[in-house]
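This is start.pdb. It holds PDB, C-alpha atoms.
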ATOM      1  CA  MET A   1      42.599  46.234  35.117
ATOM      2  CA  SER A   2      46.098  47.034  36.149
ATOM      3  CA  VAL A   3      46.988  46.694  39.802
ATOM      4  CA  ASN A   4      49.880  48.634  41.225
ATOM      5  CA  GLN A   5      51.819  46.053  43.203
ATOM      6  CA  THR A   6      55.194  45.774  44.875
ATOM      7  CA  THR A   7      56.431  42.189  44.729
ATOM      8  CA  VAL A   8      58.464  40.560  47.474
ATOM      9  CA  ALA A   9      62.215  41.135  47.314
ATOM     10  CA  ASP A  10      63.242  37.617  46.294
ATOM     11  CA  ASP A  11      60.918  37.782  43.268
ATOM     12  CA  GLU A  12      62.465  40.949  41.830
ATOM     13  CA  PRO A  13      65.494  41.136  39.520
ATOM     14  CA  THR A  14      67.909  44.022  39.832
ATOM     15  CA  VAL A  15      66.596  46.869  37.682
ATOM     16  CA  PRO A  16      68.997  49.191  35.804
ATOM     17  CA  GLY A  17      68.590  52.809  36.784
ATOM     18  CA  ARG A  18      67.703  52.237  40.418
ATOM     19  CA  ALA A  19      69.500  54.113  43.169
ATOM     20  CA  VAL A  20      72.872  52.605  44.138
ATOM     21  CA  ALA A  21      71.523  51.616  47.534
ATOM     22  CA  ASP A  22      68.853  49.530  45.815
ATOM     23  CA  GLN A  23      71.509  47.766  43.656
ATOM     24  CA  VAL A  24      73.610  46.473  46.580
ATOM     25  CA  PRO A  25      73.635  42.658  46.522
ATOM     26  CA  VAL A  26      71.409  41.191  49.182
ATOM     27  CA  ASN A  27      74.299  39.176  50.646
ATOM     28  CA  ALA A  28      76.287  42.412  51.176
ATOM     29  CA  LEU A  29      73.679  43.843  53.522
ATOM     30  CA  PRO A  30      73.365  42.942  57.199
ATOM     31  CA  PRO A  31      70.575  40.375  57.616
ATOM     32  CA  GLU A  32      67.289  41.668  58.997
ATOM     33  CA  PRO A  33      65.937  39.956  62.090
ATOM     34  CA  LYS A  34      63.645  37.130  60.943
ATOM     35  CA  ALA A  35      60.726  38.383  63.018
ATOM     36  CA  ALA A  36      60.989  41.874  61.523
ATOM     37  CA  THR A  37      61.206  40.485  57.988
ATOM     38  CA  LYS A  38      58.113  38.329  58.436
ATOM     39  CA  ALA A  39      56.198  41.220  59.996
ATOM     40  CA  ALA A  40      57.049  43.462  57.039
ATOM     41  CA  GLU A  41      56.091  40.815  54.475
ATOM     42  CA  ARG A  42      52.765  39.906  56.071
ATOM     43  CA  PRO A  43      50.795  43.113  55.269
ATOM     44  CA  ASP A  44      52.387  43.201  51.820
ATOM     45  CA  MET A  45      51.153  39.667  51.078
ATOM     46  CA  VAL A  46      47.717  40.526  52.455
ATOM     47  CA  GLY A  47      47.543  43.419  49.999
ATOM     48  CA  LYS A  48      48.550  41.120  47.143
ATOM     49  CA  ALA A  49      45.893  38.563  48.113
ATOM     50  CA  LEU A  50      43.206  41.246  48.241
ATOM     51  CA  SER A  51      44.280  42.534  44.826
ATOM     52  CA  LEU A  52      43.762  39.037  43.399
ATOM     53  CA  LEU A  53      40.207  39.005  44.759
ATOM     54  CA  VAL A  54      39.543  42.376  43.091
ATOM     55  CA  LEU A  55      40.841  41.036  39.784
ATOM     56  CA  LEU A  56      38.700  37.899  40.042
ATOM     57  CA  GLY A  57      35.697  40.130  40.701
ATOM     58  CA  ASP A  58      36.198  41.530  37.190
ATOM     59  CA  GLU A  59      36.188  38.024  35.680
ATOM     60  CA  PRO A  60      32.655  36.551  35.855
ATOM     61  CA  ARG A  61      33.825  33.473  33.904
ATOM     62  CA  GLY A  62      36.895  33.040  36.085
ATOM     63  CA  ALA A  63      40.560  33.144  35.132
ATOM     64  CA  SER A  64      43.596  30.866  35.180
ATOM     65  CA  ALA A  65      46.480  31.400  37.560
ATOM     66  CA  ALA A  66      48.656  32.486  34.625
ATOM     67  CA  GLU A  67      46.086  35.085  33.514
ATOM     68  CA  ILE A  68      45.725  36.431  37.045
ATOM     69  CA  SER A  69      49.505  36.538  37.449
ATOM     70  CA  ARG A  70      49.873  38.649  34.297
ATOM     71  CA  ARG A  71      47.089  41.045  35.208
ATOM     72  CA  ALA A  72      48.320  41.474  38.792
ATOM     73  CA  GLU A  73      51.921  41.868  37.593
ATOM     74  CA  LEU A  74      53.014  39.298  40.159
ATOM     75  CA  PRO A  75      55.313  36.286  39.740
ATOM     76  CA  PHE A  76      53.404  33.114  38.900
ATOM     77  CA  SER A  77      54.747  31.322  41.991
ATOM     78  CA  THR A  78      53.482  34.111  44.272
ATOM     79  CA  THR A  79      50.089  34.192  42.561
ATOM     80  CA  TYR A  80      49.698  30.405  42.679
ATOM     81  CA  ARG A  81      50.596  30.298  46.376
ATOM     82  CA  LEU A  82      48.164  33.083  47.275
ATOM     83  CA  LEU A  83      45.330  31.534  45.255
ATOM     84  CA  GLY A  84      45.892  28.258  47.081
ATOM     85  CA  SER A  85      45.592  29.986  50.461
ATOM     86  CA  LEU A  86      42.464  31.865  49.389
ATOM     87  CA  ALA A  87      40.908  28.638  48.079
ATOM     88  CA  ARG A  88      41.559  26.815  51.351
ATOM     89  CA  ASP A  89      39.645  29.505  53.250
ATOM     90  CA  GLY A  90      36.717  29.582  50.797
ATOM     91  CA  PHE A  91      37.418  33.025  49.348
ATOM     92  CA  VAL A  92      38.243  31.469  45.967
ATOM     93  CA  ASP A  93      36.850  28.429  44.162
ATOM     94  CA  TYR A  94      38.996  26.339  41.808
ATOM     95  CA  GLU A  95      37.439  24.672  38.778
ATOM     96  CA  PRO A  96      39.722  21.698  37.933
ATOM     97  CA  GLU A  97      38.106  21.016  34.567
ATOM     98  CA  GLY A  98      38.921  24.426  33.150
ATOM     99  CA  ARG A  99      41.773  25.176  35.571
ATOM    100  CA  ARG A 100      40.090  28.466  36.396
ATOM    101  CA  TYR A 101      39.575  30.357  39.638
ATOM    102  CA  HIS A 102      36.361  32.127  40.675
ATOM    103  CA  LEU A 103      35.307  34.162  43.699
ATOM    104  CA  GLY A 104      34.077  31.827  46.431
ATOM    105  CA  LEU A 105      30.980  31.766  48.595
ATOM    106  CA  ARG A 106      32.892  33.290  51.503
ATOM    107  CA  ILE A 107      33.074  36.549  49.515
ATOM    108  CA  PHE A 108      29.316  36.367  48.927
ATOM    109  CA  GLN A 109      28.706  35.888  52.652
ATOM    110  CA  LEU A 110      30.828  38.912  53.543
ATOM    111  CA  GLY A 111      29.176  40.966  50.814
ATOM    112  CA  GLN A 112      25.749  40.123  52.192
ATOM    113  CA  ARG A 113      26.833  41.272  55.644
ATOM    114  CA  VAL A 114      28.071  44.584  54.220
ATOM    115  CA  SER A 115      24.807  44.967  52.292
ATOM    116  CA  ASN A 116      22.743  44.301  55.401
ATOM    117  CA  HIS A 117      24.881  46.676  57.482
ATOM    118  CA  HIS A 118      24.231  49.523  55.049
ATOM    119  CA  GLY A 119      20.553  48.653  54.681
ATOM    120  CA  PHE A 120      20.840  47.844  50.978
ATOM    121  CA  ALA A 121      18.967  44.549  51.324
ATOM    122  CA  GLY A 122      16.384  44.881  54.085
ATOM    123  CA  THR A 123      15.777  48.619  53.814
ATOM    124  CA  SER A 124      16.145  49.445  50.136
ATOM    125  CA  LEU A 125      14.572  46.431  48.449
ATOM    126  CA  PRO A 126      10.955  47.133  49.514
ATOM    127  CA  ILE A 127      11.320  50.710  48.237
ATOM    128  CA  LEU A 128      12.832  49.578  44.939
ATOM    129  CA  ARG A 129      10.062  46.988  44.523
ATOM    130  CA  ARG A 130       7.411  49.690  44.892
ATOM    131  CA  VAL A 131       9.123  51.757  42.195
ATOM    132  CA  THR A 132       9.192  48.757  39.853
ATOM    133  CA  GLU A 133       5.515  48.049  40.545
ATOM    134  CA  ARG A 134       4.680  51.606  39.451
ATOM    135  CA  THR A 135       7.001  51.798  36.444
ATOM    136  CA  GLY A 136       6.937  48.201  35.277
ATOM    137  CA  GLU A 137      10.702  48.458  34.725
ATOM    138  CA  ALA A 138      13.962  47.601  36.485
ATOM    139  CA  THR A 139      15.021  49.784  39.420
ATOM    140  CA  ILE A 140      18.694  50.101  40.405
ATOM    141  CA  LEU A 141      20.421  51.564  43.479
ATOM    142  CA  SER A 142      24.085  52.538  43.179
ATOM    143  CA  VAL A 143      26.785  54.193  45.276
ATOM    144  CA  ARG A 144      30.124  55.661  44.239
ATOM    145  CA  ASP A 145      33.219  53.483  44.619
ATOM    146  CA  GLY A 146      36.221  55.590  43.689
ATOM    147  CA  LEU A 147      36.029  56.400  39.978
ATOM    148  CA  HIS A 148      33.172  53.937  39.373
ATOM    149  CA  HIS A 149      29.624  53.371  40.506
ATOM    150  CA  LEU A 150      28.780  50.169  42.368
ATOM    151  CA  THR A 151      25.371  48.543  41.985
ATOM    152  CA  VAL A 152      24.256  47.600  45.487
ATOM    153  CA  SER A 153      20.630  46.601  44.902
ATOM    154  CA  LYS A 154      18.345  45.916  41.948
ATOM    155  CA  VAL A 155      14.779  44.815  41.292
ATOM    156  CA  ASP A 156      13.999  43.437  37.834
ATOM    157  CA  GLY A 157      10.821  44.397  36.044
ATOM    158  CA  PRO A 158       8.184  41.883  34.959
ATOM    159  CA  GLN A 159       9.359  42.034  31.357
ATOM    160  CA  ILE A 160      11.366  39.195  29.794
ATOM    161  CA  PHE A 161      14.150  41.559  28.689
ATOM    162  CA  ARG A 162      16.185  42.207  31.862
ATOM    163  CA  VAL A 163      18.849  44.737  32.823
ATOM    164  CA  THR A 164      22.265  43.144  33.374
ATOM    165  CA  SER A 165      23.651  45.550  36.013
ATOM    166  CA  ASP A 166      23.408  43.131  38.943
ATOM    167  CA  PRO A 167      24.510  43.869  42.541
ATOM    168  CA  GLY A 168      28.287  43.976  42.718
ATOM    169  CA  HIS A 169      28.648  45.427  39.214
ATOM    170  CA  LEU A 170      31.199  48.237  38.857
ATOM    171  CA  GLY A 171      30.334  50.677  36.090
ATOM    172  CA  SER A 172      31.372  53.961  34.548
ATOM    173  CA  LEU A 173      30.463  57.239  36.219
ATOM    174  CA  SER A 174      30.528  59.191  32.968
ATOM    175  CA  THR A 175      28.367  56.967  30.746
ATOM    176  CA  THR A 176      25.564  55.963  33.137
ATOM    177  CA  ALA A 177      22.608  57.848  34.583
ATOM    178  CA  VAL A 178      23.399  56.694  38.136
ATOM    179  CA  GLY A 179      27.031  57.738  37.674
ATOM    180  CA  LYS A 180      26.208  61.196  36.339
ATOM    181  CA  ALA A 181      23.854  61.795  39.270
ATOM    182  CA  LEU A 182      26.567  60.777  41.741
ATOM    183  CA  VAL A 183      29.088  63.137  40.123
ATOM    184  CA  ALA A 184      26.686  66.057  39.717
ATOM    185  CA  PHE A 185      25.565  66.004  43.343
ATOM    186  CA  ALA A 186      28.911  65.272  44.990
ATOM    187  CA  ASP A 187      30.222  68.029  47.262
ATOM    188  CA  ASP A 188      31.846  70.904  45.381
ATOM    189  CA  ALA A 189      35.489  69.897  45.878
ATOM    190  CA  GLU A 190      34.880  66.257  45.029
ATOM    191  CA  ARG A 191      32.807  67.144  41.972
ATOM    192  CA  GLU A 192      35.621  69.348  40.639
ATOM    193  CA  ARG A 193      38.148  66.583  41.242
ATOM    194  CA  LEU A 194      35.987  64.076  39.370
ATOM    195  CA  LEU A 195      35.399  66.476  36.497
ATOM    196  CA  SER A 196      39.170  66.865  36.149
ATOM    197  CA  GLU A 197      40.298  63.262  36.723
ATOM    198  CA  LEU A 198      37.455  60.972  35.713
ATOM    199  CA  PRO A 199      38.323  58.687  32.765
ATOM    200  CA  LEU A 200      35.846  59.460  29.968
ATOM    201  CA  GLU A 201      35.393  56.047  28.409
ATOM    202  CA  ALA A 202      34.026  55.561  24.894
ATOM    203  CA  LEU A 203      31.789  52.563  25.591
ATOM    204  CA  THR A 204      29.489  53.358  22.667
ATOM    205  CA  GLU A 205      29.486  55.933  19.868
ATOM    206  CA  ARG A 206      27.192  58.080  22.050
ATOM    207  CA  SER A 207      29.526  58.180  25.079
ATOM    208  CA  ILE A 208      30.712  61.654  26.100
ATOM    209  CA  THR A 209      34.500  61.698  25.820
ATOM    210  CA  ASP A 210      35.155  65.456  25.696
ATOM    211  CA  ARG A 211      35.835  66.895  29.160
ATOM    212  CA  ASP A 212      34.161  70.252  28.479
ATOM    213  CA  ALA A 213      31.091  68.469  27.101
ATOM    214  CA  PHE A 214      30.931  66.256  30.182
ATOM    215  CA  ARG A 215      31.139  69.309  32.448
ATOM    216  CA  ARG A 216      28.186  70.831  30.573
ATOM    217  CA  GLU A 217      26.282  67.572  30.983
ATOM    218  CA  VAL A 218      26.920  67.562  34.745
ATOM    219  CA  ASP A 219      25.804  71.192  35.012
ATOM    220  CA  GLU A 220      22.577  70.251  33.210
ATOM    221  CA  VAL A 221      21.999  67.333  35.602
ATOM    222  CA  ARG A 222      22.372  69.687  38.555
ATOM    223  CA  ARG A 223      20.003  72.202  36.972
ATOM    224  CA  ARG A 224      17.153  69.772  36.278
ATOM    225  CA  GLY A 225      17.728  67.443  39.251
ATOM    226  CA  TYR A 226      18.070  64.160  37.383
ATOM    227  CA  ALA A 227      20.394  62.426  34.903
ATOM    228  CA  VAL A 228      19.687  60.479  31.741
ATOM    229  CA  MET A 229      21.633  57.893  29.765
ATOM    230  CA  ASP A 230      20.616  57.340  26.153
ATOM    231  CA  GLU A 231      22.676  54.448  24.746
ATOM    232  CA  GLU A 232      25.894  55.971  26.117
ATOM    233  CA  ASN A 233      26.789  52.986  28.280
ATOM    234  CA  GLU A 234      25.244  50.151  26.285
ATOM    235  CA  ALA A 235      23.664  50.188  22.856
ATOM    236  CA  GLY A 236      19.912  49.600  23.043
ATOM    237  CA  MET A 237      19.517  50.759  26.664
ATOM    238  CA  ARG A 238      18.523  54.034  28.290
ATOM    239  CA  ALA A 239      18.006  55.086  31.911
ATOM    240  CA  VAL A 240      17.029  57.967  34.159
ATOM    241  CA  ALA A 241      18.416  58.485  37.685
ATOM    242  CA  VAL A 242      18.015  60.825  40.637
ATOM    243  CA  PRO A 243      20.416  61.404  43.542
ATOM    244  CA  VAL A 244      19.806  60.177  47.074
ATOM    245  CA  LEU A 245      20.935  63.149  49.138
ATOM    246  CA  ASN A 246      22.325  63.365  52.656
ATOM    247  CA  SER A 247      21.548  66.168  55.102
ATOM    248  CA  GLN A 248      24.179  68.403  53.436
ATOM    249  CA  GLY A 249      22.531  67.990  50.040
ATOM    250  CA  HIS A 250      25.261  65.713  48.644
ATOM    251  CA  ALA A 251      24.595  62.404  46.880
ATOM    252  CA  PHE A 252      25.547  59.274  48.820
ATOM    253  CA  ALA A 253      23.622  57.047  46.385
ATOM    254  CA  SER A 254      21.499  57.274  43.253
ATOM    255  CA  VAL A 255      18.414  55.383  42.121
ATOM    256  CA  ALA A 256      17.494  54.711  38.504
ATOM    257  CA  THR A 257      14.947  53.194  36.158
ATOM    258  CA  ALA A 258      16.498  51.412  33.163
ATOM    259  CA  VAL A 259      14.753  50.204  29.998
ATOM    260  CA  PRO A 260      15.532  48.949  26.493
ATOM    261  CA  VAL A 261      15.096  51.702  23.915
ATOM    262  CA  PHE A 262      12.347  49.843  22.041
ATOM    263  CA  ARG A 263      10.081  49.936  25.097
ATOM    264  CA  LEU A 264      10.118  53.592  26.158
ATOM    265  CA  SER A 265      11.125  56.850  24.509
ATOM    266  CA  LEU A 266      13.347  59.226  26.473
ATOM    267  CA  GLU A 267      10.340  61.456  27.177
ATOM    268  CA  GLU A 268       8.295  58.506  28.457
ATOM    269  CA  LEU A 269      11.205  57.436  30.649
ATOM    270  CA  GLU A 270      11.606  60.935  32.104
ATOM    271  CA  ALA A 271       7.953  60.800  33.155
ATOM    272  CA  HIS A 272       9.092  58.354  35.878
ATOM    273  CA  VAL A 273      11.317  60.985  37.549
ATOM    274  CA  PRO A 274       8.712  61.958  40.216
ATOM    275  CA  VAL A 275       8.391  58.280  41.235
ATOM    276  CA  LEU A 276      12.160  58.025  41.554
ATOM    277  CA  GLN A 277      12.338  61.267  43.536
ATOM    278  CA  GLU A 278       9.771  59.938  46.031
ATOM    279  CA  ALA A 279      11.836  56.779  46.420
ATOM    280  CA  ALA A 280      15.071  58.771  46.808
ATOM    281  CA  ALA A 281      13.536  60.846  49.614
ATOM    282  CA  GLU A 282      12.449  57.677  51.425
ATOM    283  CA  LEU A 283      15.848  56.063  50.921
ATOM    284  CA  ALA A 284      17.558  59.195  52.270
ATOM    285  CA  ASP A 285      15.482  58.901  55.450
ATOM    286  CA  ARG A 286      16.046  55.172  55.918
ATOM    287  CA  LEU A 287      19.575  54.367  54.714
ATOM    288  CA  PRO A 288      22.722  55.102  56.746
ATOM    289  CA  GLN A 289      24.197  58.174  55.085
ATOM    290  CA  ARG A 290      27.756  58.238  53.801
ATOM    291  CA  GLY A 291      29.725  61.417  53.217
TER
END

File written out as structure tokens:
Amino acid sequence: MSVNQTTVADDEPTVPGRAVADQVPVNALPPEPKAATKAAERPDMVGKALSLLVLLGDEPRGASAAEISRRAELPFSTTYRLLGSLARDGFVDYEPEGRRYHLGLRIFQLGQRVSNHHGFAGTSLPILRRVTERTGEATILSVRDGLHHLTVSKVDGPQIFRVTSDPGHLGSLSTTAVGKALVAFADDAERERLLSELPLEALTERSITDRDAFRREVDEVRRRGYAVMDEENEAGMRAVAVPVLNSQGHAFASVATAVPVFRLSLEELEAHVPVLQEAAAELADRLPQRG
């Protein structure tokens, strides 16, 4: 993942092609008041620190300071200093043996508070458990986060083979059932924007990468009221999802049943749609609605 960052002035070399004003040597400019300089740097450094947390969230096995520095496009010294501050406050854990950084428990604590605030834990879990009891398969609740879907709650089925989309997972909108449902039932303007701008990733040979084909797929999801994924996101897995609609009829979440292909055919999986629709209606009544 590439993060668009602006590094602090003393970390940047002079770049050919910049405006003349940007090329003036620092010592030729009148010094800024120290208080003003520090005030300007503070929010910039906060943004950099937050970007490092986002990058670490994409690294379940952790990453070294050098790896994070490269991915964030920040100087190593800046990255190392920020990671040290984040580690002191518990937002990042450092593993001395492998010299790798991981997200810390403080992030988990804050995430749990967000989950509880939105009702994803206390409110949604009993509903998802009832769906799993009826289907015998994993049930997943997702919301849209920019150009991705975010798994916010999941209940595993009783089977040994488990679905790997755990809470906190960011996934594709175009290759997943939950993502297609979120796109198809977004408000009109947002749906058109997504259809035009959404990256169409080729995660498997079945992924839809043609924009016209994806538009037809979204139209079909809207027509029938549910979305399916048949090995488009991960080989050997399929899923069916329905939108959780707000009072304006727009999706603020989606709920899905996911299974390995050897366990259920697509037709057998689609037979669970009424169960999911019942759950979606209950979730719409109970969860705080967004959008």

For this session: Enter the distance from atom CA of A:Ser172 to atom CA of A:Pro243, in Å, rounded to one decimal.
Result: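 Between these atoms lies a distance of 16.0 Å.
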
Problem set entry | Ground truth for the PyMOL selection byres ((chain A and resi 279) around 12), written as a PyMOL selection string | chain A and resi 123-132+134+139-141+241-245+253-257+272-278+280-287

For this session: Quick one: pull the distance between atom CA of A:Val152 and atom CA of A:Gly57, Å, one decimal.
Result: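 Atom-to-atom, atom CA of A:Val152 to atom CA of A:Gly57, that is 14.5 Å.
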
Seminar exercise, completed: atom CA of A:Leu266 to atom CA of A:Arg222 measures 18.4 Å

Exercise. Taking into account only C-alpha atoms, which residue in the set A:Ser142, A:Ala66, A:Val183, A:Glu192 is nearest to A:Gly168?
Worked result: A:Ser142

For this session: Carefully work through the PyMOL selection byres ((chain A and resi 137) around 9) for this structure and note down the residues it includes, as a PyMOL selection string.
Result: chain A and resi 131-136+138-139+155-159+162+257-259

For this session: Could you state which residues are captured by the PyMOL selection byres ((chain A and resi 173) around 8) in this file, as an MDAnalysis selection string?
Result: chainID A and resid 147:149 171:172 174:176 178:180 182:183 198

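Near A:Pro167, within 7 Å and counting all atoms listed in the file, sit Thr151, Val152, Ser153 and Lys154 of chain A; same-chain residues fewer than 3 positions away were not included.
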
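Distances here use only C-alpha atoms; by that measure, the residue among A:Ser196, A:Ser64, A:Ser77, A:Ser165 closest to A:Arg215 is A:Ser196.
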
Problem set entry | Of the listed residues A:His169, A:Arg81, A:Arg263, A:Arg88, that which approaches A:Glu59 most closely, counting only C-alpha atoms |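 Checking each candidate against A:Glu59, we get A:His169 as the closest.
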
For this session: Do a neighbour search on A:Leu56 at 8 Å with all atoms listed in the file, toss out local chain neighbours closer than 5 positions, and write the hits as JSON, numbers by chain.
Result: {"A": [62, 63, 68, 101, 102, 103]}
